[in-house]
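Here is the structure we will look at, set down as structure tokens.
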Amino acid sequence: MASDAHPAAAVIEIDKLCTRFGDHVVHTDIDLQVRSGEVFALIGGSGSGKSTLLREMVLLQRPDSGSIRVLGVDLHQIGDDDALALRRRWGVMFQHGGLFGALTVGENIGWPLREHTRLSETLIDELAAAKLELTGLAPEVGAQYPSQLSGGMLKRASLSRALALDPELLFLDEPTAGLDPVSAAGVDELVRKLRDLFGLTIVMITHDLDLLWQVADRAAVLAEGRVQAVGTMTELSRLDHAAVRQYFEGARGRSAQLQGQAPARAQAHSDERREVWPSKPR
Amino acid sequence: MAATASARADGAGVEALDTAGAWVLQKLLLRLRGEGTELTLGGLRPEFARLLDVVTKQAALHSSLSASAARRSQSTLARIGCAVQAALEQALAMLAFVGESAAALAGSLAHPSRLRWRPVLFNLRSAGFDALPIVGLLSFLLGIVVAYQGADQLRQYGANIFVVDLVGVSMLREFAPLITAIIVAGRSGSAYAAQIGTMAVTEEIDAMRTLGIAPLEVLVLPKLIALVLALPLLTVFADGAGVLGGMLMARAQLGVGYAEFADRFAKAVGVPAYLVGVGKAPVFAAIIAVVGCFQGLRTRGGADSVGRQTTRSVVQSIFGVIVADALFSVAFSALDL
């Protein structure tokens with residue numbers, strides 16, 4: 001494999017990317033490289049253009065100028081056939097799941113396989129059940145509809161579908177947003193497991209400090225339309241930059257940092273999290 | 001400043017103060033100070049003083065906010081300009097969508113195996129078969145209305161038998177295709193926009209794209225094909241129901257018997273009238289399906305956007321159907337059909 005020969009080969013290369021919505025400038029001159037096999041996090045405040053950047057990486061939106069290369073393919077003026085080939089090599093998990101409400105969870109996971117492969121129906125159903133189990137869901141969930149699932153199960157089911165075609169690259173949009181601390185901890189575990197199991201390259205948007213410290217190899221901080229800093233969490237924590245500092249200051253930032261530097265997360269995790277939440281005035 | 005009065009207010013007697021109270025108090029203080037009164041407020045309980053402090057800061061922010069909002073309000077001319085620009089932009093997007101759909105349709109017809117027959121059949125049932133009762137009933141009533149309205153006039157001239165011409169030609173050529181298209185636009189066009197719009201809001205369309213499944217092939221083409229097949233068939237059904245309604249009314253009001261009616265019908269209403277009516281239906285169907293899907297795919301944001309786009313799809317598709325019908329009338333009269 002090429003990735004073995006060049007362990008740090010770039011899977012995603014973004015060069016001088018600019019995006020505008022009318023007068024509103026979202027990105028100016030963004031340069032980013034995501035290396036093969038790493039877990040790369042995009043962080044930044046609301047409206048800093050993280051989601052737009054992710055959408056541009058997965059061909060849902062076009063930048064105004066600059067270039068994006070994903071898995072060695074230039075996304076600018078990509079043809080339909082190349083786009084299809086590329087889409088089969090990545091998986092995307094959306095913030096709200098994006099599961100098809102008219103299909104059961106099992107059918108959701110099986111659909112990409114039915115669409116793009118010539119596997120038999122029974123094999124597809126078996127594979128769908130296997131992917132479900134991989135993300136920690138019971139096989140019975142496959143027969144349920146997305147509307148019957150809880151938030152955490154929805155995220156896992158969505159992840160199962162993203163993994164349906166055994167992608168090389170996985171995009172996660174806020175994988176832990178809206179989850180209770182215990183489920184969030186489960187997602188951290190899952191992301192790490194998937195990376196180790198498949199050697200996936202993972203790009204994620206997140207606000208979750210625990211996820212950042214526990215799982216992310218590197219992170220890029222987006223603010224004011226630019227990449228303010230890129231590096232490992234430890235490197236970032238040493239920087240003296242206003243947009244970066246806010247992730248490391250405050251009780252929650254410090255607690256996550258302590259946890260991140262200590263190995264593995266404990267069962268008591270959720271209790272510790274609750275302690276650092278500011279108590280509500282009554 | 002000429003006269004600077006000075007006053008002192010004592011807040012010690014304040015037992016309760018909520019945000020609204022603090023807001024009014026703060027505005028009063030500001031106004032008095034603006035008028036040149038040297039005012040000090042003392043004796044407030046510490047928690048009330050804190051609240052007043054927060055409100056004062058909020059109010060300062062508020063005044064700068066409303067100033068920037070005022071700057072943004074536009075002149076009438078600018079608003080008209082924006083509306084025209086939005087309409088033009090939408091028209092252009094619509095044109096692009098029609099082109100994309102046509103290309104996808106051509107691609108699907110070239111490779112029929114790629115066509116999704118299951119959703120086509122499903123849509124045939126929901127847009128076609130399930131609409132039979134309502135289409136039948138309404139065109140039956142329309143036939144009754146046409147015959148009833150004509151009856152008085154025709155009786156005056158003793159031209160009772162011409163009710164057959166009136167009902168036959170008007171139902172077959174105009175009313176049946178039009179009423180069917182309008183019902184279907186309200187029933188199915190809105191459902192298309194709402195379904196696709198909801199999928200857009202819940203990221204399902206985005207998910208589909210990233211999975212390498214073209215929404216146009218999965219969502220739009222089956223609906224288009226199904227409706228283009230279903231609407232002519234519904235129109236034929238509406239023709240029958242409408243004429244039946246006219247027939248009943250002709251006998252009740254004008255004493256034209258069923259046999260007499262049928263006899264005259266065969267002579268008065270030619271095949272062209274029937275074909276003209278049914279021939280318009282596929283065009284109406286294409287308008288309804290394309291507008292419904294287009295408006296659905298343009299949904300952005302939340303639930304209220306779905307509602308807005310659904311309304312738009314119904315209004316625009318009925319508008320499009322009637323405009324197309326008018327153009328057909330002009331074209332057919334030029335062609336002497």
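Chain lettering (A, B, ...) mirrors the order of the structure tokens, residue numbering begins at 1 for each chain separately, and ligand numbering begins at 1 in order of display.
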List as a ChimeraX atom specification the protein and nucleic acid residues near Ala194 (chain B), meaning an atom at most 6 Å away when only C-alpha atoms are counted, but skip any in the same chain fewer than 3 places from it.
/B:191,197-198,306,310
Identify, on the basis of only C-alpha atoms, every residue whose closest approach to region 4-15 of chain B does not exceed 6 Å; exclude the query and any residue fewer than 3 positions from it along the same chain; express the result as a ChimeraX atom specification.
/B:36-44
With only C-alpha atoms considered, list every residue of chain A at most 8 Å from chain B, as an MDAnalysis selection string.
chainID A and resid 58:60 83:84 87:88 91:92 94 96:100 112 115
Next, the residues of the selection above should be written as a PDB file, in the first residue's frame with C-alpha atoms.
ATOM      1  CA  VAL A  58     -17.014  15.866   0.813  1.00  0.00           C
ATOM      2  CA  LEU A  59     -18.183  17.547  -2.402  1.00  0.00           C
ATOM      3  CA  LEU A  60     -21.349  19.037  -0.965  1.00  0.00           C
ATOM      4  CA  ALA A  83     -16.723  11.794  -7.964  1.00  0.00           C
ATOM      5  CA  LEU A  84     -18.616   8.526  -7.635  1.00  0.00           C
ATOM      6  CA  ARG A  87     -17.468   8.837  -2.724  1.00  0.00           C
ATOM      7  CA  ARG A  88     -17.123   5.090  -2.448  1.00  0.00           C
ATOM      8  CA  GLY A  91     -17.785   7.662   4.734  1.00  0.00           C
ATOM      9  CA  VAL A  92     -19.551  10.605   6.296  1.00  0.00           C
ATOM     10  CA  PHE A  94     -23.698  13.705   9.850  1.00  0.00           C
ATOM     11  CA  HIS A  96     -28.028  14.612  13.064  1.00  0.00           C
ATOM     12  CA  GLY A  97     -27.381  11.200  11.605  1.00  0.00           C
ATOM     13  CA  GLY A  98     -28.834  11.824   8.174  1.00  0.00           C
ATOM     14  CA  LEU A  99     -30.366   8.334   8.202  1.00  0.00           C
ATOM     15  CA  PHE A 100     -33.186   7.808   5.731  1.00  0.00           C
ATOM     16  CA  PRO A 112     -24.782   1.833  -0.238  1.00  0.00           C
ATOM     17  CA  GLU A 115     -26.247   0.592  -4.861  1.00  0.00           C
TER      18      GLU A 115
END
Which residues come within 10 Å of Leu138 (chain B), counting only C-alpha atoms, excluding same-chain residues fewer than 5 positions away, as a list in words?
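The filter keeps Pro133, Gly143, Ile144, Ala176, Ile179, Thr180, Ile183, Ala238, Ala241, Gly242 and Gly245 of chain B.
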For the selection you just gave me, I'd like the residues written to a file as a PDB file, in the first residue's frame, keeping N, CA and C atoms.
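Done, and the output landed in again.pdb:
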ATOM      1  N   PRO B 133     -60.686   8.438  -6.564  1.00  0.00           N
ATOM      2  CA  PRO B 133     -61.967   8.883  -5.997  1.00  0.00           C
ATOM      3  C   PRO B 133     -62.162  10.393  -6.065  1.00  0.00           C
ATOM      4  N   GLY B 143     -69.016  18.300 -14.337  1.00  0.00           N
ATOM      5  CA  GLY B 143     -69.910  17.982 -15.454  1.00  0.00           C
ATOM      6  C   GLY B 143     -71.323  18.440 -15.156  1.00  0.00           C
ATOM      7  N   ILE B 144     -71.779  18.196 -13.938  1.00  0.00           N
ATOM      8  CA  ILE B 144     -73.116  18.623 -13.522  1.00  0.00           C
ATOM      9  C   ILE B 144     -73.238  20.145 -13.611  1.00  0.00           C
ATOM     10  N   ALA B 176     -61.554  18.607 -17.811  1.00  0.00           N
ATOM     11  CA  ALA B 176     -61.028  17.374 -17.217  1.00  0.00           C
ATOM     12  C   ALA B 176     -59.511  17.434 -17.029  1.00  0.00           C
ATOM     13  N   ILE B 179     -58.792  20.225 -14.195  1.00  0.00           N
ATOM     14  CA  ILE B 179     -59.175  19.923 -12.808  1.00  0.00           C
ATOM     15  C   ILE B 179     -58.298  18.774 -12.274  1.00  0.00           C
ATOM     16  N   THR B 180     -57.986  17.831 -13.137  1.00  0.00           N
ATOM     17  CA  THR B 180     -57.127  16.724 -12.711  1.00  0.00           C
ATOM     18  C   THR B 180     -55.744  17.247 -12.330  1.00  0.00           C
ATOM     19  N   ILE B 183     -55.927  19.157  -9.009  1.00  0.00           N
ATOM     20  CA  ILE B 183     -56.038  18.251  -7.857  1.00  0.00           C
ATOM     21  C   ILE B 183     -54.696  17.567  -7.588  1.00  0.00           C
ATOM     22  N   ALA B 238     -61.323  11.217 -15.565  1.00  0.00           N
ATOM     23  CA  ALA B 238     -62.068  12.451 -15.311  1.00  0.00           C
ATOM     24  C   ALA B 238     -62.995  12.773 -16.474  1.00  0.00           C
ATOM     25  N   ALA B 241     -66.060  10.597 -15.972  1.00  0.00           N
ATOM     26  CA  ALA B 241     -66.880  11.017 -14.839  1.00  0.00           C
ATOM     27  C   ALA B 241     -67.588  12.333 -15.145  1.00  0.00           C
ATOM     28  N   GLY B 242     -66.888  13.247 -15.815  1.00  0.00           N
ATOM     29  CA  GLY B 242     -67.468  14.558 -16.134  1.00  0.00           C
ATOM     30  C   GLY B 242     -68.633  14.431 -17.096  1.00  0.00           C
ATOM     31  N   GLY B 245     -71.628  13.064 -15.397  1.00  0.00           N
ATOM     32  CA  GLY B 245     -72.330  14.099 -14.642  1.00  0.00           C
ATOM     33  C   GLY B 245     -73.200  14.945 -15.556  1.00  0.00           C
TER      34      GLY B 245
END
Skipping near chain neighbours, those fewer than 3 positions away, what residues fall within 8 Å of Ala281 (chain B) using only C-alpha atoms, listed as an NGL selection string?
:B and (177 or 181 or 228 or 231-232 or 235 or 277-278 or 284-285)
What does the distance from CA of Ala193 (chain B) to CA of Phe129 (chain B) come to in Å, to one decimal?
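Separation of CA of Ala193 (chain B) and CA of Phe129 (chain B): 19.8 Å.
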Given only C-alpha atoms as the counted atoms, nearest of B:Glu89, B:Glu260, B:Glu174, B:Asp152 to Lys280 (chain B):
B:Glu174
Enumerate as a ChimeraX atom specification all residues of region 1-164 of chain B assigned to helix (DSSP H, G or I) by DSSP on the backbone, naming them with the chain letters and numbers the document uses.
/B:19-34,46-72,76-110,112-114,117-157,160-164
Region 266-270 of chain B environment, 9 Å, only C-alpha atoms, sequence neighbours closer than 2 positions dropped, as a compact mmCIF listing (two decimals) with N, CA and C atoms, in the first residue's frame:
# COMPACT_ATOMS: atom_id res chain seq x y z
N PHE B 162 -77.96 20.44 -27.70
CA PHE B 162 -76.58 20.94 -27.78
C PHE B 162 -75.85 20.90 -26.44
N VAL B 164 -75.03 18.36 -25.15
CA VAL B 164 -74.03 17.31 -25.37
C VAL B 164 -72.73 17.93 -25.88
N ASP B 165 -72.86 18.83 -26.85
CA ASP B 165 -71.66 19.51 -27.38
C ASP B 165 -70.96 20.29 -26.28
N GLY B 168 -69.54 17.79 -23.65
CA GLY B 168 -68.51 16.93 -24.25
C GLY B 168 -67.25 17.69 -24.56
N VAL B 169 -67.40 18.77 -25.32
CA VAL B 169 -66.19 19.49 -25.76
C VAL B 169 -65.50 20.16 -24.58
N LEU B 172 -63.85 17.41 -22.18
CA LEU B 172 -62.75 16.65 -22.77
C LEU B 172 -61.55 17.53 -23.10
N PHE B 261 -78.35 11.22 -25.80
CA PHE B 261 -77.08 11.88 -25.41
C PHE B 261 -75.91 11.15 -26.07
N ALA B 262 -75.89 9.84 -25.90
CA ALA B 262 -74.76 9.05 -26.43
C ALA B 262 -74.70 9.15 -27.95
N ASP B 263 -75.87 9.14 -28.56
CA ASP B 263 -75.95 9.23 -30.01
C ASP B 263 -75.33 10.54 -30.50
N ARG B 264 -75.77 11.62 -29.87
CA ARG B 264 -75.29 12.95 -30.26
C ARG B 264 -73.80 13.08 -29.95
N PRO B 272 -60.32 14.30 -32.00
CA PRO B 272 -59.36 15.35 -31.70
C PRO B 272 -59.59 16.00 -30.33
N ALA B 273 -60.85 16.26 -29.98
CA ALA B 273 -61.12 16.91 -28.69
C ALA B 273 -60.59 16.06 -27.54
N TYR B 274 -60.79 14.75 -27.67
CA TYR B 274 -60.30 13.82 -26.64
C TYR B 274 -58.78 13.82 -26.58
Which residues are close to Ala130 (chain A), i.e. within 12 Å by only C-alpha atoms, leaving aside same-chain residues fewer than 5 positions away? Reply as a ChimeraX atom specification.
/A:106,109-110,123-125,135-142,157,160-161,163-164
Restricting it to N, CA and C atoms, dump the selection as a PDB file, in the first residue's frame.
ATOM      1  N   GLY A 106     -31.261  -1.199   9.249  1.00  0.00           N
ATOM      2  CA  GLY A 106     -30.567  -2.213   8.460  1.00  0.00           C
ATOM      3  C   GLY A 106     -30.555  -1.864   6.977  1.00  0.00           C
ATOM      4  N   ILE A 109     -28.093   0.902   6.237  1.00  0.00           N
ATOM      5  CA  ILE A 109     -26.698   0.477   6.149  1.00  0.00           C
ATOM      6  C   ILE A 109     -26.469  -0.313   4.863  1.00  0.00           C
ATOM      7  N   GLY A 110     -27.485  -1.083   4.480  1.00  0.00           N
ATOM      8  CA  GLY A 110     -27.323  -1.926   3.300  1.00  0.00           C
ATOM      9  C   GLY A 110     -27.428  -1.176   1.983  1.00  0.00           C
ATOM     10  N   LEU A 123     -26.215 -11.644   1.757  1.00  0.00           N
ATOM     11  CA  LEU A 123     -24.878 -11.230   2.168  1.00  0.00           C
ATOM     12  C   LEU A 123     -24.917  -9.773   2.647  1.00  0.00           C
ATOM     13  N   ILE A 124     -25.658  -8.947   1.930  1.00  0.00           N
ATOM     14  CA  ILE A 124     -25.763  -7.535   2.307  1.00  0.00           C
ATOM     15  C   ILE A 124     -26.398  -7.400   3.686  1.00  0.00           C
ATOM     16  N   ASP A 125     -27.454  -8.196   3.926  1.00  0.00           N
ATOM     17  CA  ASP A 125     -28.100  -8.127   5.241  1.00  0.00           C
ATOM     18  C   ASP A 125     -27.145  -8.560   6.342  1.00  0.00           C
ATOM     19  N   THR A 135     -20.296  -1.166  15.686  1.00  0.00           N
ATOM     20  CA  THR A 135     -20.449   0.117  16.375  1.00  0.00           C
ATOM     21  C   THR A 135     -21.171  -0.052  17.709  1.00  0.00           C
ATOM     22  N   GLY A 136     -21.332  -1.296  18.137  1.00  0.00           N
ATOM     23  CA  GLY A 136     -21.862  -1.535  19.472  1.00  0.00           C
ATOM     24  C   GLY A 136     -23.380  -1.556  19.562  1.00  0.00           C
ATOM     25  N   LEU A 137     -24.058  -1.767  18.438  1.00  0.00           N
ATOM     26  CA  LEU A 137     -25.508  -1.852  18.492  1.00  0.00           C
ATOM     27  C   LEU A 137     -25.944  -3.305  18.346  1.00  0.00           C
ATOM     28  N   ALA A 138     -27.060  -3.628  18.986  1.00  0.00           N
ATOM     29  CA  ALA A 138     -27.581  -4.989  18.893  1.00  0.00           C
ATOM     30  C   ALA A 138     -28.164  -5.212  17.498  1.00  0.00           C
ATOM     31  N   PRO A 139     -28.092  -6.444  16.992  1.00  0.00           N
ATOM     32  CA  PRO A 139     -28.622  -6.715  15.642  1.00  0.00           C
ATOM     33  C   PRO A 139     -30.113  -6.389  15.514  1.00  0.00           C
ATOM     34  N   GLU A 140     -30.857  -6.453  16.632  1.00  0.00           N
ATOM     35  CA  GLU A 140     -32.293  -6.159  16.566  1.00  0.00           C
ATOM     36  C   GLU A 140     -32.564  -4.723  16.122  1.00  0.00           C
ATOM     37  N   VAL A 141     -31.578  -3.843  16.396  1.00  0.00           N
ATOM     38  CA  VAL A 141     -31.759  -2.437  16.034  1.00  0.00           C
ATOM     39  C   VAL A 141     -31.957  -2.292  14.528  1.00  0.00           C
ATOM     40  N   GLY A 142     -31.381  -3.228  13.775  1.00  0.00           N
ATOM     41  CA  GLY A 142     -31.486  -3.176  12.320  1.00  0.00           C
ATOM     42  C   GLY A 142     -32.909  -3.131  11.812  1.00  0.00           C
ATOM     43  N   ALA A 157     -25.680   4.250  14.591  1.00  0.00           N
ATOM     44  CA  ALA A 157     -26.248   3.695  13.362  1.00  0.00           C
ATOM     45  C   ALA A 157     -25.728   4.455  12.149  1.00  0.00           C
ATOM     46  N   SER A 160     -22.367   3.322  11.422  1.00  0.00           N
ATOM     47  CA  SER A 160     -22.393   2.016  10.749  1.00  0.00           C
ATOM     48  C   SER A 160     -22.583   2.195   9.255  1.00  0.00           C
ATOM     49  N   ARG A 161     -23.490   3.112   8.894  1.00  0.00           N
ATOM     50  CA  ARG A 161     -23.732   3.320   7.470  1.00  0.00           C
ATOM     51  C   ARG A 161     -22.512   3.932   6.797  1.00  0.00           C
ATOM     52  N   LEU A 163     -19.613   3.343   7.484  1.00  0.00           N
ATOM     53  CA  LEU A 163     -18.590   2.302   7.352  1.00  0.00           C
ATOM     54  C   LEU A 163     -19.007   1.212   6.369  1.00  0.00           C
ATOM     55  N   ALA A 164     -20.201   1.341   5.795  1.00  0.00           N
ATOM     56  CA  ALA A 164     -20.751   0.245   4.989  1.00  0.00           C
ATOM     57  C   ALA A 164     -19.820  -0.179   3.868  1.00  0.00           C
TER      58      ALA A 164
END
Restricting the calculation to only C-alpha atoms: of B:Leu166, B:Val291, B:Leu132, B:Ala16, which residue gets closest to Leu154 (chain B)?
B:Leu166
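Comparing the minimum interatomic distances between Met94 (chain B) and each of B:Pro222, B:Gly296, B:Gly21, B:Gly189, counting only C-alpha atoms, we find that B:Gly296 sits nearest.
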Got a sec: who's within 12 Å of Leu239 (chain A), counting only C-alpha atoms, leaving out chain neighbours fewer than 3 positions off, as a PDB file with N, CA and C atoms, in the first residue's frame?
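The resulting file, part37.pdb, is shown below:
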ATOM      1  N   VAL A 221      -7.254  24.786  14.682  1.00  0.00           N
ATOM      2  CA  VAL A 221      -8.186  25.749  15.272  1.00  0.00           C
ATOM      3  C   VAL A 221      -8.556  26.760  14.202  1.00  0.00           C
ATOM      4  N   GLN A 228      -5.853  29.165  12.709  1.00  0.00           N
ATOM      5  CA  GLN A 228      -5.017  29.909  13.654  1.00  0.00           C
ATOM      6  C   GLN A 228      -3.828  29.069  14.128  1.00  0.00           C
ATOM      7  N   ALA A 229      -4.050  27.760  14.234  1.00  0.00           N
ATOM      8  CA  ALA A 229      -2.970  26.907  14.698  1.00  0.00           C
ATOM      9  C   ALA A 229      -3.276  25.457  14.348  1.00  0.00           C
ATOM     10  N   VAL A 230      -2.236  24.677  14.100  1.00  0.00           N
ATOM     11  CA  VAL A 230      -2.386  23.246  13.869  1.00  0.00           C
ATOM     12  C   VAL A 230      -1.353  22.536  14.716  1.00  0.00           C
ATOM     13  N   GLY A 231      -1.737  21.440  15.318  1.00  0.00           N
ATOM     14  CA  GLY A 231      -0.752  20.686  16.076  1.00  0.00           C
ATOM     15  C   GLY A 231      -1.417  19.659  16.956  1.00  0.00           C
ATOM     16  N   THR A 232      -0.609  18.937  17.719  1.00  0.00           N
ATOM     17  CA  THR A 232      -1.185  18.012  18.680  1.00  0.00           C
ATOM     18  C   THR A 232      -1.804  18.843  19.805  1.00  0.00           C
ATOM     19  N   MET A 233      -2.650  18.217  20.592  1.00  0.00           N
ATOM     20  CA  MET A 233      -3.308  18.955  21.661  1.00  0.00           C
ATOM     21  C   MET A 233      -2.267  19.515  22.638  1.00  0.00           C
ATOM     22  N   THR A 234      -1.229  18.738  22.893  1.00  0.00           N
ATOM     23  CA  THR A 234      -0.206  19.205  23.832  1.00  0.00           C
ATOM     24  C   THR A 234       0.496  20.439  23.269  1.00  0.00           C
ATOM     25  N   GLU A 235       0.790  20.390  21.968  1.00  0.00           N
ATOM     26  CA  GLU A 235       1.412  21.554  21.336  1.00  0.00           C
ATOM     27  C   GLU A 235       0.492  22.769  21.400  1.00  0.00           C
ATOM     28  N   LEU A 236      -0.765  22.517  21.072  1.00  0.00           N
ATOM     29  CA  LEU A 236      -1.722  23.625  21.074  1.00  0.00           C
ATOM     30  C   LEU A 236      -1.867  24.222  22.467  1.00  0.00           C
ATOM     31  N   ALA A 242      -5.284  33.764  21.582  1.00  0.00           N
ATOM     32  CA  ALA A 242      -6.606  33.917  22.204  1.00  0.00           C
ATOM     33  C   ALA A 242      -7.592  32.852  21.737  1.00  0.00           C
ATOM     34  N   ALA A 243      -7.637  32.620  20.395  1.00  0.00           N
ATOM     35  CA  ALA A 243      -8.614  31.676  19.856  1.00  0.00           C
ATOM     36  C   ALA A 243      -8.306  30.249  20.301  1.00  0.00           C
ATOM     37  N   VAL A 244      -7.017  29.973  20.577  1.00  0.00           N
ATOM     38  CA  VAL A 244      -6.616  28.633  20.980  1.00  0.00           C
ATOM     39  C   VAL A 244      -6.764  28.467  22.484  1.00  0.00           C
ATOM     40  N   ARG A 245      -6.404  29.508  23.226  1.00  0.00           N
ATOM     41  CA  ARG A 245      -6.393  29.439  24.690  1.00  0.00           C
ATOM     42  C   ARG A 245      -7.739  29.018  25.256  1.00  0.00           C
ATOM     43  N   GLN A 246      -8.835  29.489  24.607  1.00  0.00           N
ATOM     44  CA  GLN A 246     -10.152  29.238  25.187  1.00  0.00           C
ATOM     45  C   GLN A 246     -10.462  27.747  25.306  1.00  0.00           C
ATOM     46  N   TYR A 247      -9.733  26.926  24.547  1.00  0.00           N
ATOM     47  CA  TYR A 247      -9.975  25.488  24.650  1.00  0.00           C
ATOM     48  C   TYR A 247      -9.255  24.857  25.843  1.00  0.00           C
ATOM     49  N   PHE A 248      -8.355  25.618  26.441  1.00  0.00           N
ATOM     50  CA  PHE A 248      -7.551  25.020  27.494  1.00  0.00           C
ATOM     51  C   PHE A 248      -7.778  25.678  28.840  1.00  0.00           C
ATOM     52  N   GLU A 249      -8.496  26.806  28.803  1.00  0.00           N
ATOM     53  CA  GLU A 249      -8.754  27.480  30.062  1.00  0.00           C
ATOM     54  C   GLU A 249     -10.132  27.101  30.575  1.00  0.00           C
TER      55      GLU A 249
END
Just how far from CA of Leu227 (chain B) is CA of Ala127 (chain B), in Å to one decimal?
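CA of Leu227 (chain B) lies 6.8 Å from CA of Ala127 (chain B).
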What is the distance between CA of Ala78 (chain B) and CA of Leu92 (chain B), in Å to one decimal?
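Calculated distance between CA of Ala78 (chain B) and CA of Leu92 (chain B) is 20.9 Å.
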